[in-house]
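Containing mmCIF, C-alpha atoms and all ligand atoms: input.cif.
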data_coords
loop_
_atom_site.label_atom_id
_atom_site.label_comp_id
_atom_site.auth_asym_id
_atom_site.auth_seq_id
_atom_site.Cartn_x
_atom_site.Cartn_y
_atom_site.Cartn_z
CA MET A 251 0.00 0.00 0.00
CA SER A 252 1.53 3.28 -1.11
CA GLY A 253 -0.97 5.41 0.80
CA ILE A 254 -1.19 7.61 -2.30
CA THR A 255 -3.33 5.76 -4.78
CA TYR A 256 -5.07 2.40 -5.16
CA ASP A 257 -2.70 -0.54 -5.55
CA TYR A 258 -4.59 -1.83 -8.57
CA MET A 259 -4.25 1.57 -10.23
CA GLU A 260 -0.54 1.78 -9.55
CA GLN A 261 -0.01 -1.75 -10.83
CA TYR A 262 -2.02 -1.11 -13.96
CA ILE A 263 -0.22 2.15 -14.75
CA ARG A 264 3.14 0.44 -14.18
CA SER A 265 2.14 -2.47 -16.40
CA LEU A 266 1.81 -0.06 -19.32
CA ILE A 267 5.43 1.02 -19.05
CA PRO A 268 7.76 -1.11 -21.18
CA ARG A 269 10.48 -2.98 -19.31
CA SER A 270 13.76 -1.09 -19.07
CA GLU A 271 16.73 -2.39 -20.96
CA GLY A 272 20.50 -2.23 -20.57
CA ILE A 273 21.93 0.15 -18.00
CA LEU A 274 18.62 1.15 -16.46
CA GLU A 275 17.50 -2.44 -16.05
CA GLU A 276 20.83 -3.36 -14.44
CA LEU A 277 20.57 -0.43 -12.03
CA GLU A 278 16.96 -1.32 -11.19
CA VAL A 279 18.02 -4.85 -10.27
CA TYR A 280 20.90 -3.52 -8.16
CA ALA A 281 18.61 -1.05 -6.40
CA LYS A 282 16.09 -3.76 -5.58
CA GLU A 283 18.72 -6.17 -4.28
CA ASN A 284 20.36 -3.49 -2.17
CA SER A 285 17.19 -1.67 -1.05
CA VAL A 286 18.19 1.62 -2.66
CA PRO A 287 15.13 3.88 -2.95
CA ILE A 288 15.21 4.89 -6.63
CA ILE A 289 12.32 6.65 -8.38
CA GLN A 290 9.33 4.52 -9.30
CA LYS A 291 8.78 3.57 -12.94
CA GLU A 292 5.93 6.02 -13.47
CA VAL A 293 7.96 8.86 -11.99
CA GLY A 294 10.80 7.91 -14.35
CA LYS A 295 8.39 8.08 -17.26
CA PHE A 296 7.15 11.46 -16.07
CA LEU A 297 10.72 12.82 -15.87
CA GLU A 298 11.43 11.46 -19.34
CA LEU A 299 8.41 13.28 -20.75
CA MET A 300 9.17 16.55 -18.94
CA ILE A 301 12.75 16.45 -20.23
CA ASN A 302 11.53 15.86 -23.76
CA ILE A 303 9.13 18.79 -23.51
CA LYS A 304 11.40 21.23 -21.65
CA LYS A 305 14.72 20.20 -23.21
CA PRO A 306 16.64 21.53 -20.18
CA MET A 307 20.29 22.31 -20.90
CA LYS A 308 21.20 22.31 -17.22
CA ILE A 309 19.68 19.95 -14.67
CA LEU A 310 20.23 19.94 -10.91
CA GLU A 311 19.39 16.87 -8.86
CA LEU A 312 19.26 16.65 -5.08
CA GLY A 313 19.91 13.03 -4.03
CA THR A 314 22.03 10.93 -6.40
CA ALA A 315 21.95 7.54 -4.63
CA ILE A 316 23.45 5.12 -7.21
CA GLY A 317 22.92 7.53 -10.11
CA TYR A 318 19.80 5.85 -11.51
CA SER A 319 17.60 8.93 -11.98
CA ALA A 320 20.57 11.05 -13.13
CA ILE A 321 21.39 8.47 -15.83
CA LEU A 322 17.70 8.16 -16.75
CA MET A 323 17.46 11.94 -17.16
CA SER A 324 20.65 12.03 -19.20
CA ILE A 325 19.44 9.25 -21.51
CA SER A 326 16.04 10.97 -21.84
CA SER A 327 17.49 14.28 -22.91
CA PRO A 328 17.06 15.22 -26.57
CA VAL A 329 19.67 17.96 -26.15
CA LYS A 330 23.23 17.89 -24.82
CA SER A 331 22.21 18.55 -21.25
CA HIS A 332 24.53 18.72 -18.29
CA ILE A 333 23.49 17.30 -14.93
CA VAL A 334 24.82 18.28 -11.51
CA THR A 335 23.74 15.92 -8.74
CA ILE A 336 24.31 16.19 -4.99
CA GLU A 337 24.74 13.28 -2.55
CA ARG A 338 26.05 13.27 1.01
CA ASP A 339 26.60 9.55 1.54
CA GLU A 340 30.14 8.55 0.59
CA ASN A 341 29.28 4.97 -0.36
CA MET A 342 26.47 6.15 -2.59
CA VAL A 343 28.76 8.71 -4.21
CA ASN A 344 31.32 5.99 -4.96
CA THR A 345 28.73 3.64 -6.42
CA ALA A 346 27.21 6.46 -8.49
CA LEU A 347 30.63 7.45 -9.84
CA GLU A 348 31.37 3.83 -10.74
CA ASN A 349 28.10 3.60 -12.66
CA ILE A 350 28.56 6.97 -14.33
CA ASN A 351 32.07 6.08 -15.48
CA LYS A 352 31.25 2.50 -16.44
CA TYR A 353 28.36 3.51 -18.67
CA GLY A 354 30.04 6.54 -20.22
CA PHE A 355 28.25 9.46 -18.57
CA LYS A 356 31.37 11.10 -17.17
CA ASP A 357 31.09 14.23 -19.32
CA LYS A 358 27.36 14.57 -18.77
CA ILE A 359 26.85 14.03 -15.04
CA LYS A 360 28.81 15.72 -12.26
CA VAL A 361 28.41 14.37 -8.74
CA ILE A 362 29.06 16.72 -5.83
CA GLN A 363 29.52 15.08 -2.46
CA GLY A 364 27.99 17.02 0.41
CA ASP A 365 24.85 18.03 2.19
CA CYS A 366 22.32 19.55 -0.21
CA LEU A 367 21.77 22.66 1.86
CA GLU A 368 25.49 23.43 2.10
CA VAL A 369 26.16 22.73 -1.56
CA LEU A 370 23.08 24.71 -2.69
CA GLN A 371 24.34 27.75 -0.80
CA LYS A 372 27.54 27.71 -2.83
CA LEU A 373 26.05 27.10 -6.26
CA GLU A 374 25.80 30.09 -8.59
CA GLU A 375 24.84 28.72 -12.01
CA GLU A 376 21.30 28.59 -13.39
CA PHE A 377 19.35 25.38 -13.92
CA ASP A 378 16.38 24.71 -16.20
CA LEU A 379 15.15 21.70 -14.26
CA ILE A 380 15.67 20.90 -10.59
CA PHE A 381 14.78 17.42 -9.37
CA MET A 382 14.42 17.35 -5.59
CA ASP A 383 14.77 13.81 -4.25
CA ALA A 384 16.77 14.03 -1.00
CA GLY A 385 16.15 15.05 2.57
CA LYS A 386 12.35 15.05 2.66
CA GLY A 387 12.44 17.04 5.90
CA HIS A 388 14.32 19.90 4.24
CA TYR A 389 12.54 20.69 1.00
CA ASN A 390 11.25 23.89 2.60
CA HIS A 391 14.83 24.88 3.43
CA PHE A 392 16.07 23.97 -0.07
CA LEU A 393 13.33 25.99 -1.76
CA PRO A 394 14.78 29.55 -1.52
CA HIS A 395 18.06 28.30 -2.97
CA CYS A 396 16.33 26.37 -5.72
CA LEU A 397 14.31 29.44 -6.67
CA ARG A 398 17.50 31.51 -6.78
CA LEU A 399 19.13 28.93 -9.06
CA LEU A 400 16.10 28.28 -11.27
CA SER A 401 16.11 29.83 -14.74
CA LYS A 402 13.13 32.00 -15.77
CA GLU A 403 11.26 29.19 -17.46
CA GLY A 404 12.72 26.45 -15.32
CA ILE A 405 10.75 23.89 -13.33
CA ILE A 406 11.22 22.19 -10.00
CA ILE A 407 10.03 18.60 -9.70
CA ALA A 408 9.91 17.43 -6.09
CA ASP A 409 9.54 13.72 -5.33
CA ASN A 410 8.01 12.05 -2.27
CA VAL A 411 5.92 15.08 -1.38
CA LEU A 412 2.95 13.02 -0.15
CA PHE A 413 5.23 10.71 1.84
CA LYS A 414 3.22 7.47 1.95
CA GLY A 415 0.05 9.52 2.35
CA MET A 416 1.18 10.84 5.74
CA VAL A 417 1.13 14.41 4.44
CA ALA A 418 -2.57 14.18 3.69
CA SER A 419 -3.93 11.91 6.40
CA ARG A 420 -3.54 11.93 10.17
CA ASP A 421 -4.55 8.28 10.24
CA LEU A 422 -1.45 7.31 8.25
CA LEU A 423 0.93 9.59 10.17
CA LYS A 424 3.63 7.83 12.20
CA ARG A 425 4.76 9.65 15.36
CA ARG A 426 8.44 9.71 14.51
CA LYS A 427 7.71 11.24 11.11
CA ILE A 428 5.77 14.22 12.49
CA THR A 429 8.58 16.76 11.92
CA ILE A 430 9.33 15.62 8.37
CA VAL A 431 5.64 15.69 7.49
CA LYS A 432 5.18 19.17 9.02
CA ARG A 433 8.06 20.51 6.96
CA MET A 434 6.84 18.83 3.79
CA LYS A 435 3.47 20.47 4.31
CA THR A 436 5.27 23.80 4.68
CA TYR A 437 7.01 23.16 1.35
CA LEU A 438 3.73 22.33 -0.40
CA GLU A 439 2.00 25.36 1.13
CA LEU A 440 4.87 27.66 0.11
CA VAL A 441 4.96 26.54 -3.52
CA SER A 442 1.17 26.51 -3.75
CA SER A 443 0.43 29.90 -2.18
CA ASN A 444 3.24 31.95 -3.78
CA LYS A 445 1.55 34.02 -6.49
CA GLU A 446 4.73 34.11 -8.55
CA LEU A 447 4.69 30.33 -8.85
CA ILE A 448 2.39 27.72 -10.31
CA THR A 449 2.40 24.31 -8.65
CA SER A 450 0.65 21.09 -9.52
CA VAL A 451 0.71 18.27 -6.97
CA ILE A 452 0.28 14.86 -8.54
CA PRO A 453 -0.60 11.69 -6.60
CA MET A 454 1.86 9.53 -8.52
CA GLY A 455 4.57 7.33 -7.01
CA ASP A 456 5.11 8.77 -3.53
CA GLY A 457 3.63 12.09 -4.65
CA ILE A 458 5.30 14.67 -6.85
CA ALA A 459 4.99 18.46 -6.99
CA VAL A 460 5.83 20.31 -10.18
CA THR A 461 6.54 24.04 -9.81
CA GLY A 462 7.23 26.71 -12.39
CA ARG A 463 7.24 30.48 -12.41
CA ARG A 464 4.17 32.38 -13.52
CA ILE A 465 5.24 34.14 -16.72
CA ILE A 466 3.41 37.45 -17.01
CA ASN A 467 3.04 39.58 -20.17
CA GLU A 468 5.84 38.26 -22.27
N1 LIG B 1 17.34 10.22 -7.06
C1 LIG B 1 17.78 8.86 -6.79
C2 LIG B 1 17.34 8.38 -5.42
C3 LIG B 1 17.76 9.25 -4.30
S1 LIG B 1 17.43 8.51 -2.73
C4 LIG B 1 17.20 7.95 -7.86
O1 LIG B 1 15.98 7.98 -8.06
O2 LIG B 1 17.95 7.22 -8.48
C5 LIG B 1 17.85 9.85 -1.68
C6 LIG B 1 19.35 10.07 -1.51
O3 LIG B 1 19.51 11.34 -0.91
C7 LIG B 1 20.02 9.06 -0.60
O4 LIG B 1 21.08 8.45 -1.28
C8 LIG B 1 20.53 9.89 0.59
O5 LIG B 1 21.82 9.50 1.04
C9 LIG B 1 20.60 11.29 0.00
N2 LIG B 1 20.38 12.39 0.95
C10 LIG B 1 19.43 12.46 1.93
N3 LIG B 1 19.50 13.66 2.54
C11 LIG B 1 20.48 14.35 1.94
C12 LIG B 1 21.02 15.66 2.12
N4 LIG B 1 20.54 16.47 3.06
N5 LIG B 1 22.04 16.03 1.33
C13 LIG B 1 22.54 15.21 0.38
N6 LIG B 1 22.07 13.97 0.16
C14 LIG B 1 21.06 13.55 0.92
MG MG B 2 12.25 9.71 -4.25
#

Would it be possible to restate this file's structure as structure tokens?
Amino acid sequence: MSGITYDYMEQYIRSLIPRSEGILEELEVYAKENSVPIIQKEVGKFLELMINIKKPMKILELGTAIGYSAILMSISSPVKSHIVTIERDENMVNTALENINKYGFKDKIKVIQGDCLEVLQKLEEEFDLIFMDAGKGHYNHFLPHCLRLLSKEGIIIADNVLFKGMVASRDLLKRRKITIVKRMKTYLELVSSNKELITSVIPMGDGIAVTGRRIINE
């Protein structure tokens, strides 16, 4: 039970997605065997579509893990995009670098080891797509930095925003997750109420929120 949508719905939607091949399939197997929380298939498909529509030249990812979503985004890109991805766990960084080198993504994906908040503070370049997938309890703290780094027509895609349904239902809320859930709600309220932004929250995977700037009078 994902706590987000009906199991039969999730299974049906997933069944429509063709099986991955090559690198992605290998990484999916590794992630399953080693309990690495990579994006769900339907979220991967959503990212692929967004990247095809937006054609972002520069992508920022928070949370590399083994490099699965970074590689998926790189493969999905119809343009020569460059990806910067942040990960604090040293073992994950090493595994991600191995995968990135092994499969030939060295020139396309740059991994920065460190805490997202610290690294974000130091970043200066603009990004056309920001994929937030690390530190669920800190999305609200990452947001001001992400908005500073986001290009005019850029979008932020945040994963896990409904957090097993806990964000929307008290009945599902676990005591020790109260702080994370509170902060996630703050994130969703901030991106939803800010008149300069447009946000769509989608009950897919573990919940995703897509945010862009409102473009006025071009
Ligand atoms: N995006 C990946 C999965 C990321 S899982 C994929 O779909 O393939 C989340 C990762 O974020 C974990 O590897 C965890 O170590 C890392 N993480 C969690 N909090 C972090 C933080 N504050 N700064 C940097 N990395 C963090
Ligand atoms: Mg996630």

| query | Do you know which residues are within 7 Å of ligand LIG 1 (chain B) using only C-alpha atoms and all ligand atoms? Can you write them as a PyMOL selection string? | reply | chain A and resi 286-289+312-320+336-339+342+364-367+383-385

| said: Under the rule that all atoms listed in the file are counted, which of A:Pro268, A:Gly462, A:Gly457, A:Gly387 is the nearest residue to ligand MG 2 (chain B)? | reply: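 Comparing A:Pro268, A:Gly462, A:Gly457, A:Gly387 against ligand MG 2 (chain B), the winner is A:Gly457.
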
| field | From A:Ile254, A:Leu440, A:Leu423, A:Ile407, residue lying nearest A:Pro394 [only C-alpha atoms] | value |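 With only C-alpha atoms as the atom set, the closest residue is A:Leu440.
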
| Contact residues around A:Val334 with only C-alpha atoms at 10 Å, ignoring same-chain residues under 2 positions, as a PyMOL selection string | chain A and resi 308-312+314+320+332+336+358-362+377+380

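If you look at atom CA of A:Ser326 and atom CA of A:Leu393, they are 25.2 Å away from each other.
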
| task | Select, from A:Ala418, A:Ile333, A:Leu397, A:Ala408, the residue with the minimum atom-to-atom distance to ligand MG 2 (chain B), counting all atoms listed in the file. | result |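 Among the listed residues, the smallest separation from ligand MG 2 (chain B) belongs to A:Ala408.
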
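Of the listed residues (A:Val293, A:Leu422, A:Ile428, A:Leu322), A:Val293 comes nearest to ligand MG 2 (chain B); the distances count only C-alpha atoms and all ligand atoms.
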
| request: Would you mind listing what lies within 12 Å of A:Ile406 as an MDAnalysis selection string, with only C-alpha atoms counted and same-chain residues fewer than 6 positions away left out? | output: chainID A and resid 297 300:301 304 306 309:312 377:383 389 392:400 441 447:451 458:463

| query | Rounded to one decimal in Å, what is the spacing between atom CA of A:Lys414 and atom CA of A:Arg426? | reply | 13.8 Å

| task | Grab the atom CA of A:Ile430 to atom CA of A:His388 distance for me, in Å with one decimal place. | result |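 Value for the atom CA of A:Ile430-atom CA of A:His388 distance: 7.8 Å.
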
| Between A:Ser265, A:Ser331, A:Asn284, A:Gln290, which is the closest to ligand MG 2 (chain B) once you count all atoms listed in the file? |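 Smallest distance to ligand MG 2 (chain B) is found for A:Gln290.
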
| Which residue of A:Thr436, A:Gly455, A:Glu271, A:Val329 approaches A:Phe413 most closely, using all atoms listed in the file |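 Nearest to A:Phe413: A:Gly455.
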
Hey, could you patch up stretch 272-293 of chain A with N, CA and C atoms and hand it over as a short mmCIF file (atom, residue, chain, number, x, y, z; two decimals), keeping the file's coordinate frame?
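Writing the result to selection.cif gives the following:
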data_model
loop_
_atom_site.label_atom_id
_atom_site.label_comp_id
_atom_site.auth_asym_id
_atom_site.auth_seq_id
_atom_site.Cartn_x
_atom_site.Cartn_y
_atom_site.Cartn_z
N GLY A 272 19.10 -2.67 -20.75
CA GLY A 272 20.50 -2.23 -20.57
C GLY A 272 20.79 -1.66 -19.21
N ILE A 273 21.46 -0.51 -19.23
CA ILE A 273 21.93 0.15 -18.00
C ILE A 273 20.82 0.31 -16.98
N LEU A 274 19.68 0.86 -17.42
CA LEU A 274 18.62 1.15 -16.46
C LEU A 274 18.10 -0.13 -15.82
N GLU A 275 17.96 -1.17 -16.61
CA GLU A 275 17.50 -2.44 -16.05
C GLU A 275 18.50 -2.96 -15.02
N GLU A 276 19.78 -2.90 -15.37
CA GLU A 276 20.83 -3.36 -14.44
C GLU A 276 20.78 -2.58 -13.13
N LEU A 277 20.61 -1.26 -13.24
CA LEU A 277 20.57 -0.43 -12.03
C LEU A 277 19.31 -0.70 -11.21
N GLU A 278 18.21 -0.99 -11.91
CA GLU A 278 16.96 -1.32 -11.19
C GLU A 278 17.13 -2.60 -10.38
N VAL A 279 17.79 -3.59 -10.98
CA VAL A 279 18.02 -4.85 -10.27
C VAL A 279 18.91 -4.61 -9.05
N TYR A 280 19.98 -3.83 -9.26
CA TYR A 280 20.90 -3.52 -8.16
C TYR A 280 20.16 -2.80 -7.02
N ALA A 281 19.34 -1.83 -7.41
CA ALA A 281 18.61 -1.05 -6.40
C ALA A 281 17.69 -1.95 -5.59
N LYS A 282 17.02 -2.87 -6.26
CA LYS A 282 16.09 -3.76 -5.58
C LYS A 282 16.85 -4.67 -4.61
N GLU A 283 17.94 -5.25 -5.11
CA GLU A 283 18.72 -6.17 -4.28
C GLU A 283 19.34 -5.47 -3.07
N ASN A 284 19.68 -4.21 -3.24
CA ASN A 284 20.36 -3.49 -2.17
C ASN A 284 19.46 -2.47 -1.45
N SER A 285 18.17 -2.57 -1.67
CA SER A 285 17.19 -1.67 -1.05
C SER A 285 17.54 -0.19 -1.20
N VAL A 286 17.94 0.21 -2.39
CA VAL A 286 18.19 1.62 -2.66
C VAL A 286 16.89 2.24 -3.19
N PRO A 287 16.43 3.31 -2.55
CA PRO A 287 15.13 3.88 -2.95
C PRO A 287 15.20 4.75 -4.20
N ILE A 288 15.18 4.12 -5.37
CA ILE A 288 15.21 4.89 -6.63
C ILE A 288 13.77 5.28 -7.02
N ILE A 289 13.65 6.20 -7.93
CA ILE A 289 12.32 6.65 -8.38
C ILE A 289 11.51 5.48 -8.95
N GLN A 290 10.20 5.55 -8.74
CA GLN A 290 9.33 4.52 -9.30
C GLN A 290 9.23 4.68 -10.81
N LYS A 291 8.84 3.59 -11.47
CA LYS A 291 8.78 3.57 -12.94
C LYS A 291 7.97 4.72 -13.52
N GLU A 292 6.80 4.98 -12.90
CA GLU A 292 5.93 6.02 -13.47
C GLU A 292 6.52 7.42 -13.27
N VAL A 293 7.29 7.57 -12.21
CA VAL A 293 7.96 8.86 -11.99
C VAL A 293 9.09 9.01 -13.02
#
